[in-house]
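Participant: My structure file protein-v9.csv, CSV, C-alpha atoms, is below:
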```
chain,number,residue,atom,x,y,z
T,926,MET,CA,64.0,-18.0,37.2
T,927,ASP,CA,62.9,-21.2,38.6
T,928,LEU,CA,61.5,-24.2,36.7
T,929,GLU,CA,57.9,-23.3,37.5
T,930,GLU,CA,58.4,-19.7,36.2
T,931,SER,CA,60.2,-21.0,33.1
T,932,ARG,CA,57.3,-23.3,32.3
T,933,ARG,CA,54.9,-20.5,32.8
T,934,ARG,CA,56.7,-18.3,30.4
T,935,VAL,CA,57.0,-21.0,27.8
T,936,SER,CA,53.3,-21.9,28.2
T,937,GLU,CA,52.3,-18.3,27.7
T,938,ALA,CA,54.6,-17.5,24.8
T,939,ARG,CA,53.0,-17.0,21.4
T,940,VAL,CA,56.0,-18.1,19.4
T,941,GLY,CA,59.2,-20.1,19.8
T,942,ARG,CA,62.1,-21.0,17.6
T,943,LEU,CA,62.6,-24.7,17.0
T,944,ALA,CA,66.1,-26.0,16.0
T,945,THR,CA,66.3,-29.5,14.5
T,946,LEU,CA,69.3,-31.3,12.9
T,947,ALA,CA,69.5,-31.8,9.1
T,948,SER,CA,70.8,-35.1,7.8
T,949,ASP,CA,74.2,-33.6,7.3
T,950,GLY,CA,74.2,-32.4,10.9
T,951,ARG,CA,73.6,-28.7,10.1
T,952,PRO,CA,71.2,-26.9,12.4
T,953,HIS,CA,67.8,-26.0,10.9
T,954,LEU,CA,65.7,-23.3,12.4
T,955,VAL,CA,62.0,-22.3,12.1
T,956,PRO,CA,59.7,-20.1,14.2
T,957,CYS,CA,56.8,-22.1,15.5
T,958,CYS,CA,53.6,-22.0,17.4
T,959,PHE,CA,53.2,-24.6,20.1
T,960,ALA,CA,51.3,-25.6,23.2
T,961,LEU,CA,52.6,-27.0,26.5
T,962,VAL,CA,50.4,-29.9,27.8
T,963,GLY,CA,51.6,-31.3,31.1
T,964,THR,CA,55.3,-31.7,30.4
T,965,THR,CA,55.0,-32.2,26.7
T,966,ILE,CA,55.3,-29.5,24.0
T,967,TYR,CA,53.2,-29.9,20.9
T,968,THR,CA,53.7,-28.1,17.6
T,969,ALA,CA,52.0,-28.9,14.3
T,970,VAL,CA,52.6,-28.4,10.6
T,971,ASP,CA,49.5,-26.4,9.7
T,972,ALA,CA,48.0,-25.1,6.5
T,973,LYS,CA,49.9,-21.8,6.3
T,974,PRO,CA,51.6,-21.6,2.9
T,975,LYS,CA,54.9,-23.5,3.1
T,976,ALA,CA,58.3,-23.2,1.4
T,977,THR,CA,59.4,-26.2,-0.5
T,978,THR,CA,61.6,-27.0,2.4
T,979,SER,CA,58.8,-26.6,4.9
T,980,LEU,CA,58.7,-30.2,6.0
T,981,ARG,CA,62.5,-30.3,6.5
T,982,ARG,CA,61.8,-30.1,10.3
T,983,ILE,CA,59.8,-33.4,10.0
T,984,GLU,CA,62.4,-35.2,8.0
T,985,ASN,CA,65.0,-34.0,10.4
T,986,ILE,CA,63.1,-35.2,13.4
T,987,ARG,CA,62.7,-38.6,11.8
T,988,SER,CA,66.4,-38.9,11.3
T,989,ASP,CA,67.6,-37.3,14.6
T,990,ASP,CA,65.2,-36.6,17.4
T,991,ARG,CA,67.3,-34.1,19.2
T,992,VAL,CA,65.7,-30.7,19.2
T,993,THR,CA,65.9,-27.4,21.0
T,994,LEU,CA,63.0,-24.9,21.5
T,995,LEU,CA,63.9,-21.3,22.5
T,996,VAL,CA,61.4,-18.9,23.9
T,997,ASP,CA,62.7,-15.4,24.5
T,998,HIS,CA,61.7,-11.8,25.1
T,999,TYR,CA,63.5,-9.0,23.4
T,1000,ASP,CA,63.2,-5.4,24.6
T,1001,GLU,CA,65.0,-2.3,23.8
T,1002,ASP,CA,65.5,-2.0,27.6
T,1003,TRP,CA,68.3,-4.5,28.0
T,1004,THR,CA,67.5,-4.9,31.7
T,1005,SER,CA,64.3,-6.7,30.6
T,1006,LEU,CA,65.6,-9.5,28.5
T,1007,TRP,CA,65.1,-13.2,29.2
T,1008,TRP,CA,65.0,-16.5,27.5
T,1009,VAL,CA,64.0,-20.1,28.3
T,1010,ARG,CA,65.5,-22.9,26.3
T,1011,VAL,CA,64.2,-26.5,26.3
T,1012,ASP,CA,66.4,-29.3,25.0
T,1013,GLY,CA,64.5,-32.4,24.3
T,1014,ARG,CA,63.6,-35.3,22.1
T,1015,ALA,CA,60.9,-35.0,19.4
T,1016,ARG,CA,58.6,-37.6,17.9
T,1017,ILE,CA,56.0,-37.5,15.2
T,1018,VAL,CA,52.6,-38.2,16.7
T,1019,ASP,CA,51.0,-40.9,14.5
T,1020,GLY,CA,49.3,-44.2,14.9
T,1021,ASP,CA,47.8,-42.5,17.9
T,1022,PRO,CA,46.4,-45.2,20.1
T,1023,GLU,CA,45.9,-42.6,22.9
T,1024,GLN,CA,44.3,-40.1,20.6
T,1025,GLU,CA,47.3,-37.9,21.4
T,1026,ARG,CA,47.0,-36.1,18.1
T,1027,GLU,CA,43.5,-35.0,18.9
T,1028,LYS,CA,44.5,-33.8,22.3
T,1029,ALA,CA,47.4,-31.9,20.9
T,1030,ILE,CA,45.3,-30.2,18.3
T,1031,GLY,CA,42.7,-29.3,21.0
T,1032,ALA,CA,45.5,-27.6,23.0
T,1033,LEU,CA,46.8,-25.7,20.0
T,1034,VAL,CA,43.3,-24.6,19.0
T,1035,GLY,CA,42.6,-23.6,22.6
T,1036,LYS,CA,45.8,-21.4,22.7
T,1037,TYR,CA,45.6,-20.0,19.2
T,1038,PRO,CA,42.1,-18.9,18.0
T,1039,GLN,CA,43.7,-18.6,14.6
T,1040,TYR,CA,43.6,-22.4,14.3
T,1041,ARG,CA,39.9,-22.2,13.9
T,1042,GLN,CA,40.6,-20.8,10.4
T,1043,VAL,CA,43.9,-22.5,9.7
T,1044,ALA,CA,43.7,-26.3,9.3
T,1045,ILE,CA,46.3,-28.7,10.7
T,1046,PRO,CA,46.5,-31.3,7.9
T,1047,GLY,CA,50.2,-32.0,8.6
T,1048,PRO,CA,52.1,-33.9,11.3
T,1049,VAL,CA,51.9,-33.1,15.0
T,1050,VAL,CA,55.2,-33.1,16.7
T,1051,ALA,CA,55.6,-33.9,20.4
T,1052,ILE,CA,58.7,-32.6,22.2
T,1053,GLU,CA,59.6,-34.3,25.5
T,1054,PRO,CA,61.9,-32.0,27.4
T,1055,GLU,CA,65.2,-33.3,28.8
T,1056,SER,CA,66.4,-30.1,30.3
T,1057,TRP,CA,65.2,-26.5,30.9
T,1058,GLN,CA,67.6,-23.6,30.9
T,1059,SER,CA,66.8,-20.0,31.5
T,1060,TRP,CA,68.4,-16.6,31.7
T,1061,SER,CA,67.2,-13.2,32.6
T,1062,SER,CA,69.0,-9.8,32.6
T,1063,ARG,CA,67.2,-8.9,35.8
T,1064,PRO,CA,69.2,-9.8,39.0
T,1065,SER,CA,66.2,-11.4,40.5
T,1066,GLY,CA,66.1,-13.9,37.6
T,1067,ARG,CA,69.5,-15.4,37.8
T,1068,PRO,CA,70.7,-17.8,35.2
T,1069,GLY,CA,69.8,-21.3,36.0
T,1070,ARG,CA,69.9,-24.8,34.7
T,1071,ARG,CA,67.6,-27.5,35.8
T,1072,ALA,CA,67.2,-31.1,34.8
T,1073,ILE,CA,63.7,-32.4,34.6
T,1074,PRO,CA,62.5,-33.4,38.0
W,1176,MET,CA,60.7,-11.9,-0.9
W,1177,ASP,CA,63.8,-11.3,-3.0
W,1178,LEU,CA,67.3,-11.3,-1.7
W,1179,GLU,CA,67.5,-7.5,-1.4
W,1180,GLU,CA,64.3,-7.5,0.7
W,1181,SER,CA,65.6,-10.4,2.8
W,1182,ARG,CA,68.8,-8.5,3.5
W,1183,ARG,CA,66.9,-5.3,4.4
W,1184,ARG,CA,64.7,-7.2,6.9
W,1185,VAL,CA,67.7,-8.9,8.5
W,1186,SER,CA,69.6,-5.6,8.6
W,1187,GLU,CA,66.8,-3.8,10.3
W,1188,ALA,CA,65.9,-6.6,12.8
W,1189,ARG,CA,66.7,-5.9,16.4
W,1190,VAL,CA,67.1,-9.5,17.4
W,1191,GLY,CA,67.8,-12.9,15.8
W,1192,ARG,CA,68.2,-16.4,17.0
W,1193,LEU,CA,71.5,-18.1,16.4
W,1194,ALA,CA,71.8,-21.9,16.2
W,1195,THR,CA,75.2,-23.5,16.6
W,1196,LEU,CA,76.2,-27.1,17.1
W,1197,ALA,CA,77.4,-28.5,20.4
W,1198,SER,CA,80.4,-31.0,20.4
W,1199,ASP,CA,77.9,-33.9,20.6
W,1200,GLY,CA,76.1,-32.5,17.5
W,1201,ARG,CA,73.1,-31.2,19.4
W,1202,PRO,CA,71.6,-27.9,18.3
W,1203,HIS,CA,72.3,-24.9,20.7
W,1204,LEU,CA,70.1,-21.8,20.4
W,1205,VAL,CA,70.4,-18.3,21.8
W,1206,PRO,CA,68.8,-15.0,20.9
W,1207,CYS,CA,71.4,-12.4,19.7
W,1208,CYS,CA,71.8,-8.9,18.6
W,1209,PHE,CA,73.8,-8.5,15.4
W,1210,ALA,CA,74.7,-6.1,12.6
W,1211,LEU,CA,75.0,-6.7,8.9
W,1212,VAL,CA,78.0,-5.1,7.4
W,1213,GLY,CA,78.3,-5.7,3.6
W,1214,THR,CA,77.6,-9.4,3.3
W,1215,THR,CA,78.9,-10.3,6.8
W,1216,ILE,CA,76.8,-10.6,10.0
W,1217,TYR,CA,78.6,-9.7,13.2
W,1218,THR,CA,77.5,-10.6,16.7
W,1219,ALA,CA,79.4,-10.2,20.0
W,1220,VAL,CA,79.6,-11.6,23.4
W,1221,ASP,CA,78.8,-8.5,25.5
W,1222,ALA,CA,78.8,-7.7,29.2
W,1223,LYS,CA,75.2,-8.6,29.8
W,1224,PRO,CA,75.1,-11.1,32.7
W,1225,LYS,CA,75.7,-14.6,31.4
W,1226,ALA,CA,74.7,-18.1,32.3
W,1227,THR,CA,77.5,-20.4,33.1
W,1228,THR,CA,77.0,-21.9,29.6
W,1229,SER,CA,77.1,-18.5,28.0
W,1230,LEU,CA,80.2,-19.1,26.0
W,1231,ARG,CA,78.9,-22.4,24.6
W,1232,ARG,CA,78.2,-20.6,21.3
W,1233,ILE,CA,81.9,-19.7,21.1
W,1234,GLU,CA,83.1,-23.2,22.0
W,1235,ASN,CA,80.6,-24.6,19.5
W,1236,ILE,CA,81.8,-22.3,16.6
W,1237,ARG,CA,85.4,-23.3,17.3
W,1238,SER,CA,84.6,-27.0,16.9
W,1239,ASP,CA,82.0,-26.7,14.1
W,1240,ASP,CA,81.6,-23.5,12.1
W,1241,ARG,CA,78.2,-24.3,10.7
W,1242,VAL,CA,75.5,-21.9,12.0
W,1243,THR,CA,72.1,-20.6,11.2
W,1244,LEU,CA,70.6,-17.2,12.0
W,1245,LEU,CA,66.8,-16.8,12.0
W,1246,VAL,CA,65.1,-13.5,11.8
W,1247,ASP,CA,61.3,-13.6,12.0
W,1248,HIS,CA,58.2,-11.6,12.6
W,1249,TYR,CA,55.4,-13.0,14.7
W,1250,ASP,CA,52.0,-11.4,14.6
W,1251,GLU,CA,48.6,-12.5,15.8
W,1252,ASP,CA,47.4,-11.7,12.3
W,1253,TRP,CA,48.7,-14.9,10.6
W,1254,THR,CA,48.6,-13.3,7.2
W,1255,SER,CA,51.5,-11.0,8.3
W,1256,LEU,CA,54.1,-13.6,9.3
W,1257,TRP,CA,57.5,-13.9,7.7
W,1258,TRP,CA,61.0,-15.2,8.4
W,1259,VAL,CA,64.5,-15.0,6.8
W,1260,ARG,CA,67.0,-17.7,7.5
W,1261,VAL,CA,70.7,-17.4,6.9
W,1262,ASP,CA,72.8,-20.5,6.8
W,1263,GLY,CA,76.5,-19.8,7.0
W,1264,ARG,CA,79.9,-20.3,8.5
W,1265,ALA,CA,81.0,-18.5,11.6
W,1266,ARG,CA,84.5,-17.5,12.7
W,1267,ILE,CA,85.8,-15.8,15.8
W,1268,VAL,CA,87.3,-12.5,15.0
W,1269,ASP,CA,90.7,-12.3,16.6
W,1270,GLY,CA,94.3,-11.5,15.6
W,1271,ASP,CA,92.5,-8.9,13.6
W,1272,PRO,CA,95.0,-7.6,11.0
W,1273,GLU,CA,92.2,-5.7,9.2
W,1274,GLN,CA,90.9,-4.2,12.4
W,1275,GLU,CA,87.8,-6.2,11.7
W,1276,ARG,CA,86.8,-6.4,15.4
W,1277,GLU,CA,86.9,-2.6,15.7
W,1278,LYS,CA,84.7,-2.2,12.6
W,1279,ALA,CA,82.3,-4.8,13.8
W,1280,ILE,CA,81.9,-3.2,17.2
W,1281,GLY,CA,81.4,0.2,15.5
W,1282,ALA,CA,78.6,-1.3,13.5
W,1283,LEU,CA,77.0,-2.9,16.6
W,1284,VAL,CA,77.3,0.4,18.6
W,1285,GLY,CA,75.8,2.2,15.6
W,1286,LYS,CA,72.8,-0.1,15.5
W,1287,TYR,CA,72.3,-0.5,19.2
W,1288,PRO,CA,72.7,2.7,21.3
W,1289,GLN,CA,72.5,0.2,24.3
W,1290,TYR,CA,76.1,-0.7,23.5
W,1291,ARG,CA,77.2,2.7,24.7
W,1292,GLN,CA,76.4,1.4,28.2
W,1293,VAL,CA,77.1,-2.3,27.8
W,1294,ALA,CA,80.7,-3.2,27.1
W,1295,ILE,CA,81.8,-5.8,24.6
W,1296,PRO,CA,84.6,-7.5,26.4
W,1297,GLY,CA,84.1,-10.9,24.7
W,1298,PRO,CA,84.7,-12.4,21.3
W,1299,VAL,CA,83.2,-11.0,18.1
W,1300,VAL,CA,81.7,-13.6,15.8
W,1301,ALA,CA,81.6,-13.1,12.0
W,1302,ILE,CA,79.0,-15.1,10.1
W,1303,GLU,CA,79.6,-15.4,6.3
W,1304,PRO,CA,76.3,-16.4,4.8
W,1305,GLU,CA,76.2,-19.3,2.3
W,1306,SER,CA,72.5,-19.2,1.6
W,1307,TRP,CA,69.5,-17.0,2.4
W,1308,GLN,CA,66.0,-18.5,2.6
W,1309,SER,CA,62.8,-16.6,3.2
W,1310,TRP,CA,59.1,-17.2,3.7
W,1311,SER,CA,56.2,-14.9,4.0
W,1312,SER,CA,52.5,-15.7,4.7
W,1313,ARG,CA,51.5,-12.9,2.2
W,1314,PRO,CA,51.0,-14.1,-1.3
W,1315,SER,CA,53.2,-11.3,-2.6
W,1316,GLY,CA,56.1,-12.6,-0.6
W,1317,ARG,CA,56.3,-16.1,-1.9
W,1318,PRO,CA,58.7,-18.6,-0.3
W,1319,GLY,CA,62.1,-18.4,-1.9
W,1320,ARG,CA,65.6,-19.8,-1.7
W,1321,ARG,CA,68.6,-18.0,-3.0
W,1322,ALA,CA,72.2,-19.0,-3.0
W,1323,ILE,CA,74.6,-16.1,-2.5
W,1324,PRO,CA,75.2,-14.3,-5.8
```
Now that the file is in, can you turn its structure into structure tokens?
Facilitator:
Amino acid sequence: MDLEESRRRVSEARVGRLATLASDGRPHLVPCCFALVGTTIYTAVDAKPKATTSLRRIENIRSDDRVTLLVDHYDEDWTSLWWVRVDGRARIVDGDPEQEREKAIGALVGKYPQYRQVAIPGPVVAIEPESWQSWSSRPSGRPGRRAIP
Amino acid sequence: MDLEESRRRVSEARVGRLATLASDGRPHLVPCCFALVGTTIYTAVDAKPKATTSLRRIENIRSDDRVTLLVDHYDEDWTSLWWVRVDGRARIVDGDPEQEREKAIGALVGKYPQYRQVAIPGPVVAIEPESWQSWSSRPSGRPGRRAIP
């Protein structure tokens, strides 16, 4: 799977899993919706009901910006499995001189009609990828690792 | 969602996402098949084609045993979302005085008929949960955190 194909699959995926690092260094993991805009991945803390620990991902990013987003396809046919993993740095979009938050929310609403009913009162997170890795169980989609061009 | 329900959903899930810690402290993330046996979660490095970094999860566990397994359900109906997250300690099953590897592989083959065709030549990993957390977008499945009883 080449970088273009990896990006296409990430862009089209409806859900990913985001790993951040807790202050004690433990991994923290949540499913998340996101949108790829250019080379940046945006995800937001929306108004879906949250656990008390819901903003852990935001605290984590503020203390350590290293994150990983995994997009994968599971299928009972194990010749059809694949994943794309993005390692990157995350930042909270605030201040917003470039109206980046507005653009990110526009991309999220464009991808997910659900956001027309579910508000995004919380922080927007921008992930800047540092490397893309991918794997596919199909021979035509050999494992690959690519640094960002 | 109570602990019993969380365990049921994890037990029945066909795929989870496993976060480990790389030697530099970065999170590492892979989708994985697994089986819950009693209170222990087993996953194995099987014969599906692997990326060159495929055994990273094993190296990671050997250097830091803190892991997180996330099981979640995504649905375009955002009132039907849920996840269960297990934080725990992982260990590589070897030596095997209790024939633990054999039992784990038996559980994996029992859950996944695919393993009758796909060998498990690699390490088996046992995850001992330290805490279970869950979240559901349905009001009846309020967020909850439970330490292991």
Participant: What is the distance, in Å and to one decimal place, between CA of Ala1197 in chain W and CA of Pro952 in chain T?
Facilitator: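 It comes out at 10.2 Å.
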Participant: Mind pulling up the distance from CA of Arg934 in chain T to CA of Glu1234 in chain W?
Facilitator: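 Going from CA of Glu1234 in chain W over to CA of Arg934 in chain T, I get 28.1 Å.
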Participant: From the list W:Ile1295, W:Val1259, W:Leu1178, W:Ile1233, which residue is nearest chain T when using all atoms listed in the file?
Facilitator: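 Selected residue with least distance to chain T: W:Val1259.
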Participant: Taking into account all atoms listed in the file, which residue in the set T:Met926, T:Ile1052, T:Ala1032, T:Leu954 is nearest to Arg1260 in chain W?
Facilitator: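 That would be T:Leu954, the residue with the smallest distance to Arg1260 in chain W.
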Participant: Nearest residue to Trp1003 in chain T out of W:Pro1298, W:Ala1194, W:Gln1289, W:Ser1181, using only C-alpha atoms?
Facilitator: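 So, comparing all the options, the nearest one is W:Gln1289.
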Participant: To one decimal place, how far is CA of Ala1210 in chain W from CA of Asp949 in chain T in Å?
Facilitator: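 Between these atoms lies a distance of 28.0 Å.
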Participant: As a count of residues only, please: the residues near Thr993 in chain T (cut-off 12 Å, only C-alpha atoms, same-chain neighbours under 5 positions excluded).
Facilitator: 41
Participant: Excluding Val1190 in chain W and residues on its chain fewer than 5 positions from it, collect all residues at most 9 Å away from it, counting all atoms listed in the file, and give them as a ChimeraX atom specification.
Facilitator: /T:999 /W:1185,1206-1209,1246-1247
Participant: What's around Leu1283 in chain W at 9 Å? Count all atoms listed in the file, leave out sequence neighbours fewer than 5 positions away in its own chain, and write the answer as a PyMOL selection string.
Facilitator: chain W and resi 1208-1211+1217-1219+1278+1288+1290
Participant: Return the single residue from T:Val1043, T:Ile1030, T:Leu980, T:Val1049 that is closest to chain W, with distances computed using only C-alpha atoms.
Facilitator: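 Selected residue with least distance to chain W: T:Val1043.
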Participant: Of the candidates W:Thr1214, W:Asp1177, W:Ile1267, W:Arg1182, which one gets nearest to Asp1239 in chain W if we count only C-alpha atoms?
Facilitator: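 Checking each candidate against Asp1239 in chain W, we get W:Ile1267 as the closest.
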Participant: Of the residues W:Trp1257, W:Arg1266, W:Ser1186, W:Arg1276, which is the one nearest to chain T, using all atoms listed in the file?
Facilitator: W:Trp1257
Participant: Where atoms are absent from range 1176-1191 of chain W, fill them in so it carries N, CA and C atoms, then output it as a short mmCIF file (atom, residue, chain, number, x, y, z; two decimals), in the coordinates of the input.
Facilitator:
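Heads up, here's the output in selection28.cif:
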```cif
data_model
loop_
_atom_site.label_atom_id
_atom_site.label_comp_id
_atom_site.auth_asym_id
_atom_site.auth_seq_id
_atom_site.Cartn_x
_atom_site.Cartn_y
_atom_site.Cartn_z
N MET W 1176 59.68 -12.86 -1.44
CA MET W 1176 60.70 -11.90 -0.90
C MET W 1176 62.00 -12.13 -1.59
N ASP W 1177 62.50 -11.11 -2.25
CA ASP W 1177 63.80 -11.30 -3.00
C ASP W 1177 64.94 -11.12 -2.01
N LEU W 1178 66.12 -11.35 -2.53
CA LEU W 1178 67.30 -11.30 -1.70
C LEU W 1178 67.54 -9.94 -1.08
N GLU W 1179 67.29 -8.92 -1.89
CA GLU W 1179 67.50 -7.50 -1.40
C GLU W 1179 66.55 -7.26 -0.22
N GLU W 1180 65.29 -7.70 -0.37
CA GLU W 1180 64.30 -7.50 0.70
C GLU W 1180 64.69 -8.31 1.94
N SER W 1181 65.15 -9.54 1.72
CA SER W 1181 65.60 -10.40 2.80
C SER W 1181 66.71 -9.69 3.61
N ARG W 1182 67.66 -9.18 2.85
CA ARG W 1182 68.80 -8.50 3.50
C ARG W 1182 68.34 -7.27 4.26
N ARG W 1183 67.38 -6.53 3.68
CA ARG W 1183 66.90 -5.30 4.40
C ARG W 1183 66.25 -5.71 5.69
N ARG W 1184 65.42 -6.77 5.65
CA ARG W 1184 64.70 -7.20 6.90
C ARG W 1184 65.71 -7.65 7.95
N VAL W 1185 66.72 -8.40 7.52
CA VAL W 1185 67.70 -8.90 8.50
C VAL W 1185 68.50 -7.68 9.03
N SER W 1186 68.86 -6.77 8.15
CA SER W 1186 69.60 -5.60 8.60
C SER W 1186 68.90 -4.79 9.62
N GLU W 1187 67.59 -4.67 9.45
CA GLU W 1187 66.80 -3.80 10.30
C GLU W 1187 66.33 -4.55 11.61
N ALA W 1188 66.37 -5.86 11.60
CA ALA W 1188 65.90 -6.60 12.80
C ALA W 1188 66.68 -6.32 14.00
N ARG W 1189 66.00 -6.23 15.13
CA ARG W 1189 66.70 -5.90 16.40
C ARG W 1189 67.22 -7.15 17.09
N VAL W 1190 66.65 -8.30 16.75
CA VAL W 1190 67.10 -9.50 17.40
C VAL W 1190 66.96 -10.70 16.44
N GLY W 1191 67.85 -11.64 16.56
CA GLY W 1191 67.80 -12.90 15.80
C GLY W 1191 68.00 -14.04 16.71
#
```
